[in-house]
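This is target_14.json. It holds JSON, C-alpha atoms and all ligand atoms.
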[["chain", "number", "residue", "atom", "x", "y", "z"],
["A", 1, "MET", "CA", 3.73, 200.10, 272.54],
["A", 2, "THR", "CA", 4.55, 199.42, 268.94],
["A", 3, "VAL", "CA", 4.22, 201.48, 265.82],
["A", 4, "ARG", "CA", 2.51, 199.09, 263.42],
["A", 5, "THR", "CA", 2.68, 198.86, 259.64],
["A", 6, "LEU", "CA", -0.01, 200.79, 257.76],
["A", 7, "HIS", "CA", -2.16, 199.19, 255.10],
["A", 8, "LEU", "CA", -2.69, 201.35, 252.05],
["A", 9, "LEU", "CA", -5.50, 201.54, 249.51],
["A", 10, "GLY", "CA", -5.52, 198.23, 247.64],
["A", 11, "SER", "CA", -5.04, 196.11, 250.74],
["A", 12, "PRO", "CA", -8.17, 193.90, 250.97],
["A", 13, "VAL", "CA", -8.51, 194.34, 254.74],
["A", 14, "LEU", "CA", -9.52, 197.98, 254.16],
["A", 15, "ARG", "CA", -12.61, 196.75, 252.35],
["A", 16, "GLN", "CA", -13.64, 194.28, 255.02],
["A", 17, "GLN", "CA", -16.50, 194.73, 257.42],
["A", 18, "SER", "CA", -14.71, 194.38, 260.77],
["A", 19, "PRO", "CA", -16.46, 192.13, 263.28],
["A", 20, "PRO", "CA", -17.08, 193.41, 266.83],
["A", 21, "VAL", "CA", -14.69, 192.63, 269.66],
["A", 22, "ALA", "CA", -16.09, 189.86, 271.88],
["A", 23, "ARG", "CA", -14.20, 190.84, 275.01],
["A", 24, "VAL", "CA", -11.94, 193.76, 275.87],
["A", 25, "ASP", "CA", -8.86, 191.84, 277.00],
["A", 26, "ASP", "CA", -5.14, 192.62, 277.12],
["A", 27, "ALA", "CA", -4.73, 191.93, 273.41],
["A", 28, "VAL", "CA", -7.42, 194.52, 272.58],
["A", 29, "ARG", "CA", -5.86, 197.02, 274.99],
["A", 30, "ARG", "CA", -2.50, 196.48, 273.33],
["A", 31, "LEU", "CA", -4.14, 197.06, 269.96],
["A", 32, "VAL", "CA", -5.66, 200.33, 271.22],
["A", 33, "ASP", "CA", -2.27, 201.49, 272.57],
["A", 34, "ASP", "CA", -0.54, 200.56, 269.31],
["A", 35, "LEU", "CA", -3.20, 202.39, 267.29],
["A", 36, "PHE", "CA", -2.56, 205.57, 269.30],
["A", 37, "GLU", "CA", 1.20, 205.13, 268.91],
["A", 38, "THR", "CA", 0.96, 204.50, 265.18],
["A", 39, "MET", "CA", -1.53, 207.34, 264.62],
["A", 40, "ARG", "CA", 0.73, 209.81, 266.43],
["A", 41, "ALA", "CA", 3.86, 208.61, 264.65],
["A", 42, "ALA", "CA", 2.07, 209.06, 261.33],
["A", 43, "LYS", "CA", 0.70, 212.46, 262.45],
["A", 44, "GLY", "CA", -2.90, 211.41, 261.96],
["A", 45, "VAL", "CA", -5.99, 212.37, 263.94],
["A", 46, "GLY", "CA", -7.59, 208.94, 263.81],
["A", 47, "LEU", "CA", -6.83, 205.34, 262.95],
["A", 48, "ALA", "CA", -8.90, 202.19, 262.59],
["A", 49, "ALA", "CA", -7.65, 198.68, 263.37],
["A", 50, "ASN", "CA", -8.01, 197.43, 259.81],
["A", 51, "GLN", "CA", -5.59, 200.17, 258.72],
["A", 52, "VAL", "CA", -2.92, 198.17, 260.57],
["A", 53, "GLY", "CA", -4.28, 194.91, 259.15],
["A", 54, "VAL", "CA", -6.47, 193.87, 262.08],
["A", 55, "ALA", "CA", -10.12, 193.27, 261.17],
["A", 56, "GLN", "CA", -11.65, 194.18, 264.53],
["A", 57, "ARG", "CA", -14.09, 196.91, 265.46],
["A", 58, "VAL", "CA", -11.54, 199.13, 267.17],
["A", 59, "ALA", "CA", -10.47, 202.68, 266.33],
["A", 60, "VAL", "CA", -8.85, 205.69, 267.95],
["A", 61, "VAL", "CA", -9.44, 209.40, 267.46],
["A", 62, "ASP", "CA", -7.40, 212.30, 268.78],
["A", 63, "ILE", "CA", -7.90, 215.66, 267.15],
["A", 64, "GLY", "CA", -5.71, 217.31, 269.76],
["A", 65, "ASP", "CA", -8.45, 218.85, 271.88],
["A", 66, "GLU", "CA", -8.76, 218.26, 275.59],
["A", 67, "ASP", "CA", -12.47, 217.90, 276.09],
["A", 68, "PRO", "CA", -13.46, 215.21, 275.46],
["A", 69, "PRO", "CA", -9.94, 213.76, 275.35],
["A", 70, "ALA", "CA", -8.48, 211.22, 272.95],
["A", 71, "LEU", "CA", -11.03, 208.51, 272.28],
["A", 72, "ALA", "CA", -10.54, 204.76, 272.14],
["A", 73, "LEU", "CA", -13.57, 203.39, 270.33],
["A", 74, "ILE", "CA", -14.32, 199.70, 270.70],
["A", 75, "ASN", "CA", -17.45, 198.40, 268.96],
["A", 76, "PRO", "CA", -18.62, 201.98, 268.29],
["A", 77, "VAL", "CA", -22.20, 202.59, 267.19],
["A", 78, "ILE", "CA", -23.60, 205.91, 266.00],
["A", 79, "LEU", "CA", -26.92, 206.35, 267.81],
["A", 80, "ASP", "CA", -27.93, 209.64, 266.29],
["A", 81, "ARG", "CA", -26.88, 211.89, 263.44],
["A", 82, "GLY", "CA", -27.98, 215.50, 263.33],
["A", 83, "ASP", "CA", -29.80, 216.86, 260.27],
["A", 84, "GLU", "CA", -27.22, 219.50, 259.59],
["A", 85, "LEU", "CA", -24.55, 218.57, 257.05],
["A", 86, "GLU", "CA", -21.10, 220.04, 256.71],
["A", 87, "THR", "CA", -18.52, 219.71, 253.95],
["A", 88, "ALA", "CA", -14.80, 219.73, 254.68],
["A", 89, "GLU", "CA", -11.60, 218.30, 253.32],
["A", 90, "GLU", "CA", -10.51, 214.85, 254.44],
["A", 91, "GLY", "CA", -7.44, 212.76, 253.96],
["A", 92, "CYS", "CA", -6.56, 209.27, 255.13],
["A", 93, "LEU", "CA", -3.38, 207.62, 256.40],
["A", 94, "SER", "CA", -4.16, 204.72, 254.06],
["A", 95, "ILE", "CA", -4.29, 207.02, 251.01],
["A", 96, "PRO", "CA", -1.40, 209.43, 251.64],
["A", 97, "GLU", "CA", -1.32, 212.77, 249.81],
["A", 98, "ILE", "CA", -4.88, 212.41, 248.51],
["A", 99, "PHE", "CA", -7.56, 214.80, 249.77],
["A", 100, "GLY", "CA", -11.21, 215.38, 248.99],
["A", 101, "ASP", "CA", -14.22, 217.32, 250.27],
["A", 102, "VAL", "CA", -16.67, 215.08, 252.11],
["A", 103, "GLU", "CA", -20.16, 215.97, 253.27],
["A", 104, "ARG", "CA", -21.16, 214.51, 256.64],
["A", 105, "PRO", "CA", -23.55, 215.21, 259.51],
["A", 106, "SER", "CA", -21.92, 217.86, 261.72],
["A", 107, "HIS", "CA", -23.25, 216.36, 264.93],
["A", 108, "ILE", "CA", -23.38, 212.77, 266.16],
["A", 109, "VAL", "CA", -24.13, 210.82, 269.31],
["A", 110, "LEU", "CA", -22.05, 207.73, 269.72],
["A", 111, "GLU", "CA", -21.85, 204.74, 272.01],
["A", 112, "ALA", "CA", -18.77, 202.55, 272.39],
["A", 113, "LEU", "CA", -16.69, 200.57, 274.86],
["A", 114, "ASP", "CA", -13.60, 202.24, 276.27],
["A", 115, "ARG", "CA", -10.17, 200.68, 276.89],
["A", 116, "ASP", "CA", -11.48, 199.12, 280.10],
["A", 117, "GLY", "CA", -14.47, 197.60, 278.34],
["A", 118, "LYS", "CA", -16.84, 200.12, 279.91],
["A", 119, "LYS", "CA", -19.68, 201.45, 277.80],
["A", 120, "PHE", "CA", -19.74, 205.22, 277.29],
["A", 121, "ARG", "CA", -21.71, 207.70, 275.28],
["A", 122, "VAL", "CA", -20.26, 210.80, 273.69],
["A", 123, "GLU", "CA", -21.61, 213.68, 271.67],
["A", 124, "ALA", "CA", -19.34, 215.19, 269.06],
["A", 125, "ARG", "CA", -19.56, 218.15, 266.70],
["A", 126, "GLY", "CA", -17.56, 219.60, 263.86],
["A", 127, "TYR", "CA", -14.12, 218.20, 263.17],
["A", 128, "LYS", "CA", -14.32, 215.62, 265.95],
["A", 129, "ALA", "CA", -17.66, 214.28, 264.65],
["A", 130, "ARG", "CA", -16.08, 214.11, 261.20],
["A", 131, "ALA", "CA", -13.02, 212.20, 262.42],
["A", 132, "ILE", "CA", -15.17, 209.69, 264.32],
["A", 133, "GLN", "CA", -17.42, 209.08, 261.30],
["A", 134, "HIS", "CA", -14.38, 208.63, 259.06],
["A", 135, "GLU", "CA", -12.97, 205.97, 261.43],
["A", 136, "ILE", "CA", -16.28, 204.14, 261.82],
["A", 137, "ASP", "CA", -16.55, 204.10, 258.04],
["A", 138, "HIS", "CA", -13.20, 202.27, 258.01],
["A", 139, "LEU", "CA", -14.64, 199.59, 260.29],
["A", 140, "ASP", "CA", -17.38, 199.07, 257.70],
["A", 141, "GLY", "CA", -14.90, 198.86, 254.84],
["A", 142, "ILE", "CA", -15.75, 202.36, 253.58],
["A", 143, "LEU", "CA", -13.17, 204.95, 252.54],
["A", 144, "PHE", "CA", -13.68, 208.71, 252.24],
["A", 145, "LEU", "CA", -13.32, 208.35, 248.46],
["A", 146, "ASP", "CA", -16.61, 206.44, 248.44],
["A", 147, "HIS", "CA", -18.44, 209.61, 249.53],
["A", 148, "LEU", "CA", -17.25, 211.60, 246.51],
["A", 149, "SER", "CA", -18.83, 211.92, 243.11],
["A", 150, "ALA", "CA", -17.74, 209.30, 240.55],
["A", 151, "VAL", "CA", -15.88, 211.97, 238.58],
["A", 152, "LYS", "CA", -14.00, 213.31, 241.57],
["A", 153, "ARG", "CA", -13.23, 209.80, 242.79],
["A", 154, "SER", "CA", -11.73, 208.62, 239.51],
["A", 155, "LEU", "CA", -9.67, 211.81, 239.34],
["A", 156, "LEU", "CA", -8.22, 211.16, 242.79],
["A", 157, "LEU", "CA", -7.70, 207.46, 242.03],
["A", 158, "ALA", "CA", -5.72, 208.39, 238.93],
["A", 159, "LYS", "CA", -3.61, 210.74, 241.04],
["A", 160, "TRP", "CA", -3.12, 207.97, 243.61],
["A", 161, "LYS", "CA", -2.04, 205.46, 240.96],
["A", 162, "LYS", "CA", 0.41, 207.94, 239.56],
["A", 163, "SER", "CA", 1.89, 208.57, 243.00],
["A", 164, "ARG", "CA", 2.25, 204.80, 243.53],
["A", 165, "LYS", "CA", 4.04, 204.25, 240.25],
["A", 166, "GLY", "CA", 7.00, 201.94, 240.66],
["A", 167, "GLN", "CA", 5.93, 200.86, 244.15],
["A", 168, "THR", "CA", 4.68, 197.38, 244.92],
["A", 169, "GLY", "CA", 2.53, 196.07, 247.74],
["A", 170, "TYR", "CA", 0.17, 197.90, 250.02],
["A", 171, "LEU", "CA", 2.14, 198.19, 253.22],
["A", 172, "LYS", "CA", 3.86, 201.27, 254.58],
["A", 173, "GLU", "CA", 6.24, 201.43, 257.49],
["A", 174, "VAL", "CA", 5.65, 204.49, 259.61],
["A", 175, "THR", "CA", 8.88, 206.24, 260.36],
["A", 176, "PRO", "CA", 8.36, 208.72, 263.14],
["A", 177, "GLU", "CA", 10.19, 211.93, 262.43],
["A", 178, "PRO", "CA", 13.26, 212.43, 264.54],
["A", 179, "ALA", "CA", 12.84, 214.76, 267.49],
["A", 180, "GLY", "CA", 12.83, 218.32, 266.18],
["A", 181, "GLU", "CA", 15.80, 220.54, 266.74],
["A", 182, "LEU", "CA", 15.25, 223.25, 269.29],
["B", 201, "NI", "NI", -8.73, 207.02, 257.07]]
Can the structure in the file be given as structure tokens, please?
Ligand code: NI
Amino acid sequence: MTVRTLHLLGSPVLRQQSPPVARVDDAVRRLVDDLFETMRAAKGVGLAANQVGVAQRVAVVDIGDEDPPALALINPVILDRGDELETAEEGCLSIPEIFGDVERPSHIVLEALDRDGKKFRVEARGYKARAIQHEIDHLDGILFLDHLSAVKRSLLLAKWKKSRKGQTGYLKEVTPEPAGEL
């Protein structure tokens, strides 16, 4: 498994609509494994393929719960969204240090292919439902900033630009933290 390079806000691939995977083969499985590895190294709870520069409908989510376990989502489709909305703070590995409150349905039903190419259906609530929706947004070229009011968005974009001052390009190497001292 390989920790891949993250694409940050400004990289065009983040604004692309990612096409579905035609066949779950070894290359797709490797991508799934690398997404998990990269997400964990970056201490995220989800990661979409275009965040590592691959425009394919593949994402992973692991909010650290056991049931259901970490999800590999290949060609995910949201079948149903509950009526109830919930607002909570979100961040994104592609927009480090920037956070905003996003309103989303608190309950979803989702269908996707797993790492073996087998179709499965899962119901998710709360934080997990939020993480899944955030990742599927990525696959459609949407970022959490797009859900905010224009005022809030431009505020956060200004903050982002300030934090990027002096830096060029839109790639970020993920450096896993060294093993913690006991
Ligand atoms: Ni994100």
Need to verify the contact set: Ile132 of chain A, 12 Å, only C-alpha atoms, exclusion of same-chain residues closer than 6 positions in sequence. Can you return it as a PDB file with C-alpha atoms, in the coordinates of the input?
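Result file part20.pdb:
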ATOM      1  CA  VAL A  45      -5.990 212.370 263.940  1.00  0.00           C
ATOM      2  CA  GLY A  46      -7.590 208.940 263.810  1.00  0.00           C
ATOM      3  CA  LEU A  47      -6.830 205.340 262.950  1.00  0.00           C
ATOM      4  CA  ALA A  48      -8.900 202.190 262.590  1.00  0.00           C
ATOM      5  CA  VAL A  58     -11.540 199.130 267.170  1.00  0.00           C
ATOM      6  CA  ALA A  59     -10.470 202.680 266.330  1.00  0.00           C
ATOM      7  CA  VAL A  60      -8.850 205.690 267.950  1.00  0.00           C
ATOM      8  CA  VAL A  61      -9.440 209.400 267.460  1.00  0.00           C
ATOM      9  CA  ASP A  62      -7.400 212.300 268.780  1.00  0.00           C
ATOM     10  CA  ILE A  63      -7.900 215.660 267.150  1.00  0.00           C
ATOM     11  CA  ALA A  70      -8.480 211.220 272.950  1.00  0.00           C
ATOM     12  CA  LEU A  71     -11.030 208.510 272.280  1.00  0.00           C
ATOM     13  CA  ALA A  72     -10.540 204.760 272.140  1.00  0.00           C
ATOM     14  CA  LEU A  73     -13.570 203.390 270.330  1.00  0.00           C
ATOM     15  CA  ILE A  74     -14.320 199.700 270.700  1.00  0.00           C
ATOM     16  CA  PRO A  76     -18.620 201.980 268.290  1.00  0.00           C
ATOM     17  CA  VAL A  77     -22.200 202.590 267.190  1.00  0.00           C
ATOM     18  CA  ILE A  78     -23.600 205.910 266.000  1.00  0.00           C
ATOM     19  CA  ARG A  81     -26.880 211.890 263.440  1.00  0.00           C
ATOM     20  CA  ARG A 104     -21.160 214.510 256.640  1.00  0.00           C
ATOM     21  CA  PRO A 105     -23.550 215.210 259.510  1.00  0.00           C
ATOM     22  CA  SER A 106     -21.920 217.860 261.720  1.00  0.00           C
ATOM     23  CA  HIS A 107     -23.250 216.360 264.930  1.00  0.00           C
ATOM     24  CA  ILE A 108     -23.380 212.770 266.160  1.00  0.00           C
ATOM     25  CA  VAL A 109     -24.130 210.820 269.310  1.00  0.00           C
ATOM     26  CA  LEU A 110     -22.050 207.730 269.720  1.00  0.00           C
ATOM     27  CA  GLU A 111     -21.850 204.740 272.010  1.00  0.00           C
ATOM     28  CA  ALA A 112     -18.770 202.550 272.390  1.00  0.00           C
ATOM     29  CA  VAL A 122     -20.260 210.800 273.690  1.00  0.00           C
ATOM     30  CA  GLU A 123     -21.610 213.680 271.670  1.00  0.00           C
ATOM     31  CA  ALA A 124     -19.340 215.190 269.060  1.00  0.00           C
ATOM     32  CA  ARG A 125     -19.560 218.150 266.700  1.00  0.00           C
ATOM     33  CA  GLY A 126     -17.560 219.600 263.860  1.00  0.00           C
ATOM     34  CA  HIS A 138     -13.200 202.270 258.010  1.00  0.00           C
ATOM     35  CA  LEU A 139     -14.640 199.590 260.290  1.00  0.00           C
TER      36      LEU A 139
END
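Where the distance criterion is 7 Å and the atoms used are all atoms listed in the file, the residues close to ligand NI 201 (chain B) are Leu47, Gly91, Cys92, Leu93, Ser94, His134, Glu135, His138 and Leu143 of chain A.
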Query raised in the report: Within 10 Å of Phe144 of chain A, counting all atoms listed in the file, which residues qualify if same-chain residues fewer than 2 places away don't, as an NGL selection string?
Result: :A and (89-92 or 95 or 99-103 or 133-135 or 137-138 or 142 or 146-148 or 153)
Mind working out the centre and edge lengths of an axis-aligned box for segment 96-111 of chain A, all listed atoms inside, 6 Å added to each side, rounded to one decimal in Å and written as lines of an AutoDock Vina configuration file?
center_x = -12.7
center_y = 211.3
center_z = 260.3
size_x = 34.8
size_y = 25.1
size_z = 35.5
Query raised in the report: For Ala55 of chain A, which of A:Leu14, A:Ile136, A:Leu157, A:Ala42 is the closest residue, counting only C-alpha atoms?
Result: A:Leu14
Query raised in the report: Which is closest to Ala131 of chain A among A:Asp25, A:Gly64, A:Arg57, A:Ala41, if we use all atoms listed in the file?
Result: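 Looking at the shortest contact to Ala131 of chain A, the residue is A:Gly64.
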**Report entry** Counting all atoms listed in the file, the residue of A:Met1, A:Lys43, A:Leu35, A:Leu145 that sits nearest Thr175 of chain A
**Finding:** A:Lys43
Requested in this report: May I ask which of the residues A:Pro69, A:Gly53, A:Pro19, A:Gly10 is the closest one to Gly169 of chain A, counting all atoms listed in the file?
Outcome: A:Gly10
Report task. Within 12 Å of segment 162-164 of chain A, counting only C-alpha atoms, which residues show up once you throw out same-chain ones fewer than 5 positions away? Write them as a list of chain:residue names, please. Result ->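 My reading of the contact set: A:Leu8, A:Leu9, A:Gly10, A:Ile95, A:Pro96, A:Glu97, A:Ile98, A:Leu155, A:Leu156, A:Leu157, A:Gly169, A:Tyr170, A:Leu171, A:Lys172.
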Report task. Please provide as a PyMOL selection string all residues within 9 Å of Val28 of chain A, with the sequence filter that same-chain residues fewer than 4 positions apart are discarded (counting all atoms listed in the file). Result -> chain A and resi 21+23-24+32-33+58+74+115
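Among the candidates A:Thr87, A:Gln56, A:Gln16, A:Ser11, the residue lying nearest to Asn75 of chain A is A:Gln56 (atoms considered: only C-alpha atoms).
If you look at atom CA of Leu113 of chain A and atom CA of Pro20 of chain A, they are 10.8 Å away from each other.
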